[in-house]
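Below is query_24.pdb, holding PDB, C-alpha atoms and all ligand atoms.
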ATOM      1  CA  MET A   1      10.942 -11.107  29.215
ATOM      2  CA  ARG A   2      11.178 -10.699  25.563
ATOM      3  CA  MET A   3       7.970 -10.484  23.668
ATOM      4  CA  ARG A   4       8.015 -11.365  20.084
ATOM      5  CA  MET A   5       5.391 -10.709  17.549
ATOM      6  CA  ILE A   6       5.676 -12.334  14.212
ATOM      7  CA  MET A   7       3.599 -10.740  11.562
ATOM      8  CA  MET A   8       3.058 -12.326   8.247
ATOM      9  CA  MET A   9       2.071 -10.033   5.493
ATOM     10  CA  LEU A  10       1.822  -9.632   1.830
ATOM     11  CA  VAL A  11       4.224  -7.282   0.233
ATOM     12  CA  ALA A  12       4.530  -6.202  -3.269
ATOM     13  CA  ALA A  13       7.541  -5.094  -5.107
ATOM     14  CA  ALA A  14       7.024  -1.724  -6.564
ATOM     15  CA  PRO A  15       7.277  -0.185  -9.898
ATOM     16  CA  LEU A  16      10.402   1.521 -10.781
ATOM     17  CA  PHE A  17      11.749   3.786 -13.136
ATOM     18  CA  GLY A  18      15.256   2.765 -13.964
ATOM     19  CA  CYS A  19      16.537   5.892 -12.380
ATOM     20  CA  GLY A  20      19.349   4.158 -10.627
ATOM     21  CA  HIS A  21      17.971   4.471  -7.160
ATOM     22  CA  ALA A  22      16.245   2.045  -4.937
ATOM     23  CA  HIS A  23      12.572   1.821  -5.505
ATOM     24  CA  PRO A  24       9.362   1.653  -3.748
ATOM     25  CA  THR A  25       8.583  -1.575  -2.017
ATOM     26  CA  ALA A  26       5.065  -0.565  -1.264
ATOM     27  CA  SER A  27       2.435  -1.506  -3.689
ATOM     28  CA  GLN A  28      -1.247  -1.361  -2.869
ATOM     29  CA  THR A  29      -0.990   2.084  -4.274
ATOM     30  CA  GLY A  30      -4.015   1.966  -6.449
ATOM     31  CA  PRO A  31      -4.945   0.797  -9.888
ATOM     32  CA  SER A  32      -2.131   2.672 -11.565
ATOM     33  CA  SER A  33       0.498   0.407 -10.087
ATOM     34  CA  ALA A  34      -1.470  -2.721  -9.388
ATOM     35  CA  SER A  35      -0.304  -4.396 -12.553
ATOM     36  CA  ASN A  36       3.280  -4.106 -11.358
ATOM     37  CA  ALA A  37       2.682  -5.670  -8.003
ATOM     38  CA  VAL A  38       4.578  -8.869  -7.320
ATOM     39  CA  PRO A  39       3.280 -10.282  -4.073
ATOM     40  CA  THR A  40       5.900 -11.769  -1.832
ATOM     41  CA  GLN A  41       5.308 -13.240   1.558
ATOM     42  CA  ILE A  42       7.738 -12.110   4.192
ATOM     43  CA  THR A  43       8.120 -12.206   7.910
ATOM     44  CA  THR A  44       8.816  -9.129   9.933
ATOM     45  CA  THR A  45       9.654  -9.324  13.584
ATOM     46  CA  ALA A  46       8.937  -6.540  16.011
ATOM     47  CA  LEU A  47      10.786  -6.575  19.285
ATOM     48  CA  PRO A  48       9.922  -4.018  21.935
ATOM     49  CA  ALA A  49      13.376  -4.093  23.419
ATOM     50  CA  ALA A  50      16.869  -4.940  22.393
ATOM     51  CA  VAL A  51      18.117  -8.089  21.480
ATOM     52  CA  GLN A  52      21.304  -9.840  22.352
ATOM     53  CA  GLY A  53      24.273  -8.545  24.253
ATOM     54  CA  GLN A  54      26.146  -7.223  21.294
ATOM     55  CA  PRO A  55      25.773  -3.457  21.145
ATOM     56  CA  PRO A  56      24.035  -2.077  18.102
ATOM     57  CA  MET A  57      25.841  -0.277  15.328
ATOM     58  CA  VAL A  58      24.286   3.157  15.155
ATOM     59  CA  ILE A  59      23.557   4.127  11.588
ATOM     60  CA  ASP A  60      21.874   7.380  12.548
ATOM     61  CA  ASP A  61      20.452   8.625  15.860
ATOM     62  CA  PHE A  62      19.993  12.174  14.484
ATOM     63  CA  GLU A  63      21.621  13.697  17.562
ATOM     64  CA  SER A  64      24.580  15.299  15.816
ATOM     65  CA  TYR A  65      22.670  17.613  13.504
ATOM     66  CA  GLU A  66      22.052  21.263  14.158
ATOM     67  CA  GLN A  67      18.497  22.499  13.882
ATOM     68  CA  GLY A  68      17.951  23.655  10.348
ATOM     69  CA  SER A  69      20.963  21.826   8.971
ATOM     70  CA  ARG A  70      20.816  19.647   5.905
ATOM     71  CA  LEU A  71      20.494  15.942   6.697
ATOM     72  CA  PRO A  72      22.241  13.240   4.666
ATOM     73  CA  TRP A  73      18.780  11.716   4.172
ATOM     74  CA  HIS A  74      17.101  13.195   1.142
ATOM     75  CA  LYS A  75      14.413  12.640  -1.430
ATOM     76  CA  ALA A  76      15.149  10.049  -4.107
ATOM     77  CA  PRO A  77      15.020  11.208  -7.733
ATOM     78  CA  HIS A  78      11.634   9.532  -8.046
ATOM     79  CA  GLY A  79       8.465   9.685  -5.976
ATOM     80  CA  ASN A  80       6.515  12.564  -4.534
ATOM     81  CA  ARG A  81       7.726  15.343  -2.284
ATOM     82  CA  VAL A  82       9.426  14.462   0.999
ATOM     83  CA  ASP A  83      11.547  16.635   3.257
ATOM     84  CA  ALA A  84      13.720  15.466   6.138
ATOM     85  CA  THR A  85      14.336  17.811   9.046
ATOM     86  CA  ILE A  86      15.080  17.499  12.748
ATOM     87  CA  GLY A  87      12.208  16.371  14.973
ATOM     88  CA  PRO A  88      11.772  15.791  18.724
ATOM     89  CA  ASN A  89      12.737  12.740  20.736
ATOM     90  CA  ILE A  90      10.390   9.824  20.025
ATOM     91  CA  SER A  91      12.387   6.830  21.234
ATOM     92  CA  GLY A  92      12.943   7.772  24.855
ATOM     93  CA  GLN A  93      16.618   8.463  24.405
ATOM     94  CA  GLY A  94      18.357  11.457  22.956
ATOM     95  CA  ARG A  95      16.795  14.753  22.001
ATOM     96  CA  GLN A  96      16.263  14.522  18.267
ATOM     97  CA  SER A  97      14.685  12.366  15.600
ATOM     98  CA  MET A  98      14.155  12.745  11.871
ATOM     99  CA  LYS A  99      10.922  14.406  10.813
ATOM    100  CA  LEU A 100       9.530  13.350   7.440
ATOM    101  CA  THR A 101       7.112  15.780   5.875
ATOM    102  CA  TYR A 102       5.624  14.227   2.781
ATOM    103  CA  GLN A 103       2.854  14.294   0.257
ATOM    104  CA  VAL A 104       1.182  11.451  -1.642
ATOM    105  CA  GLN A 105      -1.242  11.930  -4.489
ATOM    106  CA  PRO A 106      -3.080   9.726  -6.971
ATOM    107  CA  GLY A 107      -1.084   8.341  -9.857
ATOM    108  CA  ARG A 108       1.991   6.252 -10.382
ATOM    109  CA  GLY A 109       5.101   8.080  -9.255
ATOM    110  CA  SER A 110       3.055  10.420  -7.082
ATOM    111  CA  ASN A 111       1.478   7.906  -4.723
ATOM    112  CA  TYR A 112       4.626   7.266  -2.696
ATOM    113  CA  VAL A 113       7.719   8.979  -1.372
ATOM    114  CA  ALA A 114      11.261   7.620  -1.054
ATOM    115  CA  LEU A 115      13.760   9.028   1.413
ATOM    116  CA  MET A 116      17.287   7.723   0.994
ATOM    117  CA  ARG A 117      20.723   7.881   2.485
ATOM    118  CA  TYR A 118      23.623   6.868   0.295
ATOM    119  CA  GLN A 119      26.713   5.667   2.132
ATOM    120  CA  LYS A 120      28.883   2.546   2.426
ATOM    121  CA  TRP A 121      28.044   0.484   5.510
ATOM    122  CA  ASP A 122      29.691  -2.709   6.682
ATOM    123  CA  LEU A 123      27.056  -4.389   8.847
ATOM    124  CA  SER A 124      29.006  -7.635   9.221
ATOM    125  CA  GLY A 125      28.135  -9.454  12.408
ATOM    126  CA  TYR A 126      24.588  -8.089  12.536
ATOM    127  CA  ASN A 127      21.453  -9.811  11.348
ATOM    128  CA  ALA A 128      18.769  -7.149  11.510
ATOM    129  CA  LEU A 129      18.065  -3.466  11.019
ATOM    130  CA  ALA A 130      16.124  -1.671  13.730
ATOM    131  CA  PHE A 131      14.575   1.765  13.949
ATOM    132  CA  TRP A 132      11.936   3.730  15.805
ATOM    133  CA  ILE A 133       8.958   5.182  14.015
ATOM    134  CA  LYS A 134       6.197   7.495  15.152
ATOM    135  CA  PRO A 135       3.518   7.244  12.463
ATOM    136  CA  ASP A 136       0.964   9.897  11.667
ATOM    137  CA  GLY A 137      -2.154   7.765  11.683
ATOM    138  CA  GLN A 138      -2.667   8.140   7.944
ATOM    139  CA  GLY A 139      -2.615   4.394   7.413
ATOM    140  CA  HIS A 140      -0.062   4.429   4.646
ATOM    141  CA  SER A 141       2.213   1.482   4.018
ATOM    142  CA  LEU A 142       5.849   1.700   4.962
ATOM    143  CA  GLY A 143       8.754   0.076   3.182
ATOM    144  CA  LEU A 144      12.482  -0.285   3.553
ATOM    145  CA  THR A 145      15.037  -1.082   0.874
ATOM    146  CA  LEU A 146      18.738  -1.835   1.216
ATOM    147  CA  ASN A 147      20.957  -1.566  -1.825
ATOM    148  CA  MET A 148      23.909  -3.968  -1.989
ATOM    149  CA  LEU A 149      27.173  -3.623  -3.863
ATOM    150  CA  ASP A 150      28.735  -6.691  -5.418
ATOM    151  CA  ASP A 151      32.065  -8.053  -4.153
ATOM    152  CA  GLN A 152      33.960  -5.825  -6.576
ATOM    153  CA  GLY A 153      32.247  -2.777  -5.152
ATOM    154  CA  ARG A 154      30.084  -2.304  -8.217
ATOM    155  CA  GLN A 155      26.666  -0.771  -8.025
ATOM    156  CA  HIS A 156      24.001  -2.575  -9.995
ATOM    157  CA  TRP A 157      20.784  -2.099  -8.000
ATOM    158  CA  ASN A 158      20.786  -5.361  -6.174
ATOM    159  CA  LEU A 159      17.897  -4.299  -3.960
ATOM    160  CA  TRP A 160      16.578  -6.014  -0.836
ATOM    161  CA  ASN A 161      13.090  -5.061   0.221
ATOM    162  CA  ALA A 162      10.954  -5.243   3.301
ATOM    163  CA  SER A 163       7.492  -3.905   3.885
ATOM    164  CA  PHE A 164       5.749  -3.691   7.203
ATOM    165  CA  GLU A 165       2.163  -2.875   6.858
ATOM    166  CA  GLY A 166       0.541  -3.160  10.206
ATOM    167  CA  LEU A 167       3.736  -2.192  11.999
ATOM    168  CA  GLY A 168       3.096   1.382  12.894
ATOM    169  CA  THR A 169       1.113   2.332   9.853
ATOM    170  CA  ARG A 170      -2.485   1.594  10.805
ATOM    171  CA  VAL A 171      -5.103   4.269  10.375
ATOM    172  CA  GLY A 172      -5.263   6.335  13.528
ATOM    173  CA  GLU A 173      -2.122   4.829  15.015
ATOM    174  CA  THR A 174       0.365   7.404  16.202
ATOM    175  CA  ALA A 175       2.255   5.719  19.035
ATOM    176  CA  ALA A 176       6.004   5.485  18.557
ATOM    177  CA  ARG A 177       7.378   1.983  18.373
ATOM    178  CA  ARG A 178      10.510   0.119  17.498
ATOM    179  CA  VAL A 179      10.605  -1.961  14.358
ATOM    180  CA  VAL A 180      13.147  -4.722  13.797
ATOM    181  CA  VAL A 181      13.644  -6.079  10.303
ATOM    182  CA  PRO A 182      15.643  -9.319  10.192
ATOM    183  CA  PHE A 183      17.909  -9.499   7.192
ATOM    184  CA  SER A 184      16.439 -12.944   6.603
ATOM    185  CA  SER A 185      13.065 -11.320   5.893
ATOM    186  CA  LEU A 186      14.411  -9.134   3.094
ATOM    187  CA  ARG A 187      13.468 -10.122  -0.426
ATOM    188  CA  GLN A 188      15.825  -9.574  -3.321
ATOM    189  CA  ASP A 189      14.566  -7.366  -6.132
ATOM    190  CA  LEU A 190      16.581  -7.286  -9.346
ATOM    191  CA  THR A 191      13.958  -5.409 -11.334
ATOM    192  CA  TYR A 192      16.328  -2.540 -11.951
ATOM    193  CA  SER A 193      19.580  -4.435 -12.166
ATOM    194  CA  PRO A 194      21.173  -4.705 -15.615
ATOM    195  CA  ILE A 195      22.962  -7.862 -14.441
ATOM    196  CA  ARG A 196      21.034 -11.123 -14.422
ATOM    197  CA  ASP A 197      23.426 -13.579 -12.760
ATOM    198  CA  VAL A 198      23.434 -11.845  -9.414
ATOM    199  CA  SER A 199      24.069 -13.899  -6.312
ATOM    200  CA  SER A 200      21.004 -14.420  -4.180
ATOM    201  CA  VAL A 201      23.057 -14.191  -0.990
ATOM    202  CA  PHE A 202      22.530 -11.089   1.115
ATOM    203  CA  LYS A 203      25.824  -9.634   2.354
ATOM    204  CA  PRO A 204      25.539  -7.187   5.254
ATOM    205  CA  SER A 205      29.104  -6.063   4.554
ATOM    206  CA  ASN A 206      28.135  -4.508   1.229
ATOM    207  CA  ILE A 207      25.306  -2.104   2.022
ATOM    208  CA  THR A 208      25.447   1.156   0.134
ATOM    209  CA  GLU A 209      22.013   2.691   0.440
ATOM    210  CA  ILE A 210      19.093   2.707   2.868
ATOM    211  CA  VAL A 211      15.712   3.901   1.646
ATOM    212  CA  PHE A 212      12.458   4.433   3.550
ATOM    213  CA  PHE A 213       9.240   4.430   1.553
ATOM    214  CA  VAL A 214       5.820   5.713   2.479
ATOM    215  CA  ALA A 215       3.095   4.737   0.038
ATOM    216  CA  ALA A 216      -0.546   5.717  -0.105
ATOM    217  CA  LYS A 217      -2.936   2.877   0.516
ATOM    218  CA  ASN A 218      -6.644   2.519  -0.046
ATOM    219  CA  ASP A 219      -6.811   5.848  -1.845
ATOM    220  CA  ARG A 220      -5.791   7.781   1.227
ATOM    221  CA  PHE A 221      -3.878  10.737  -0.142
ATOM    222  CA  GLY A 222      -2.641  14.034   1.154
ATOM    223  CA  GLU A 223       0.129  15.359   3.322
ATOM    224  CA  GLY A 224       1.613  13.696   6.347
ATOM    225  CA  VAL A 225       4.336  13.923   8.952
ATOM    226  CA  LEU A 226       6.050  11.016  10.641
ATOM    227  CA  TYR A 227       9.223  10.557  12.640
ATOM    228  CA  ILE A 228      12.085   8.063  12.525
ATOM    229  CA  ASP A 229      14.921   7.628  14.996
ATOM    230  CA  ASP A 230      17.682   5.291  16.137
ATOM    231  CA  VAL A 231      18.363   3.518  12.891
ATOM    232  CA  GLU A 232      20.686   0.706  13.949
ATOM    233  CA  ALA A 233      22.107  -2.626  12.923
ATOM    234  CA  VAL A 234      21.395  -5.143  15.676
ATOM    235  CA  VAL A 235      21.766  -8.821  16.522
ATOM    236  CA  ILE A 236      18.584 -10.738  17.259
ATOM    237  CA  ASP A 237      17.753 -14.308  18.110
ATOM    238  CA  GLU A 238      16.151 -15.892  15.133
ATOM    239  CA  PRO A 239      14.001 -19.006  15.292
TER     240      PRO A 239
HETATM  241 CA    CA B 301      17.647  10.422  18.398
END

Kindly present the structure from the file in structure tokens form.
Ligand SMILES: [Ca+2]
Amino acid sequence: MRMRMIMMMLVAAAPLFGCGHAHPTASQTGPSSASNAVPTQITTTALPAAVQGQPPMVIDDFESYEQGSRLPWHKAPHGNRVDATIGPNISGQGRQSMKLTYQVQPGRGSNYVALMRYQKWDLSGYNALAFWIKPDGQGHSLGLTLNMLDDQGRQHWNLWNASFEGLGTRVGETAARRVVVPFSSLRQDLTYSPIRDVSSVFKPSNITEIVFFVAAKNDRFGEGVLYIDDVEAVVIDEP
């Protein structure tokens, strides 16, 4: 039987820097960024198991990389230090995950990390993004941003944000779990777009960038290690 947990939460769009890359969705990063916070209420759905009959589209299961090889996921030009390497199985299938080793420190630009993969994805026919995460118990907030091209294939930082505090990021919580983010829960962020008349319709066919954010919360700073695996586009039943 499917169990569904709907979690309502406050999210804040994050500051950004006009660097041309997707930005932090996590706010609650301390006084230095509080003035930039734009609270948005979203719904995030966590499903312990898969979804409908349609098979997922695997975006990355991290199984094809050699130990020590360079992953296509890398630090964004902004944010603090984050390295992506191969980690152990966390999802119960396969042998490898992605290990994020990161550091967050006080101060705007240092209190979060952004790990991105830049590629063109056509996720037509899917209505959610799913992944596994094994948090490190640090209690940081976690965010996800998708960047969307326009219909002419132009890049103008039409960003779509989700944040899932409470989903795998509680202090002391280290159990791996699957997170499902319905596309309908994403919130458009045009803060860094030079174009103002951008359509407010999310198009899964036009994804060009996926970014994970980890942001310090409640003045908890320092180094951390967490794991991500089985990043997939999936089909879910939506209310
Ligand atoms: Ca894997």

For the file shown, report as a PyMOL selection string the outcome of the PyMOL selection byres (((chain A and resi 110) around 10) and not hetatm) at residue level. chain A and resi 29+78-81+103-109+111-113+215-216+221

Check which residues fall inside 9 Å of ligand CA 301 (chain B) when counting only C-alpha atoms and all ligand atoms, and print them as a PyMOL selection string. chain A and resi 60-64+87-98+228-231

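Interatomic distance, atom CA of Arg220 of chain A against atom CA of Thr85 of chain A: 23.8 Å.
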
So which residues get picked by the PyMOL selection byres (((chain A and resi 194-204) around 6) and not hetatm) here, written as a ChimeraX atom specification? /A:123-124,193,205-206
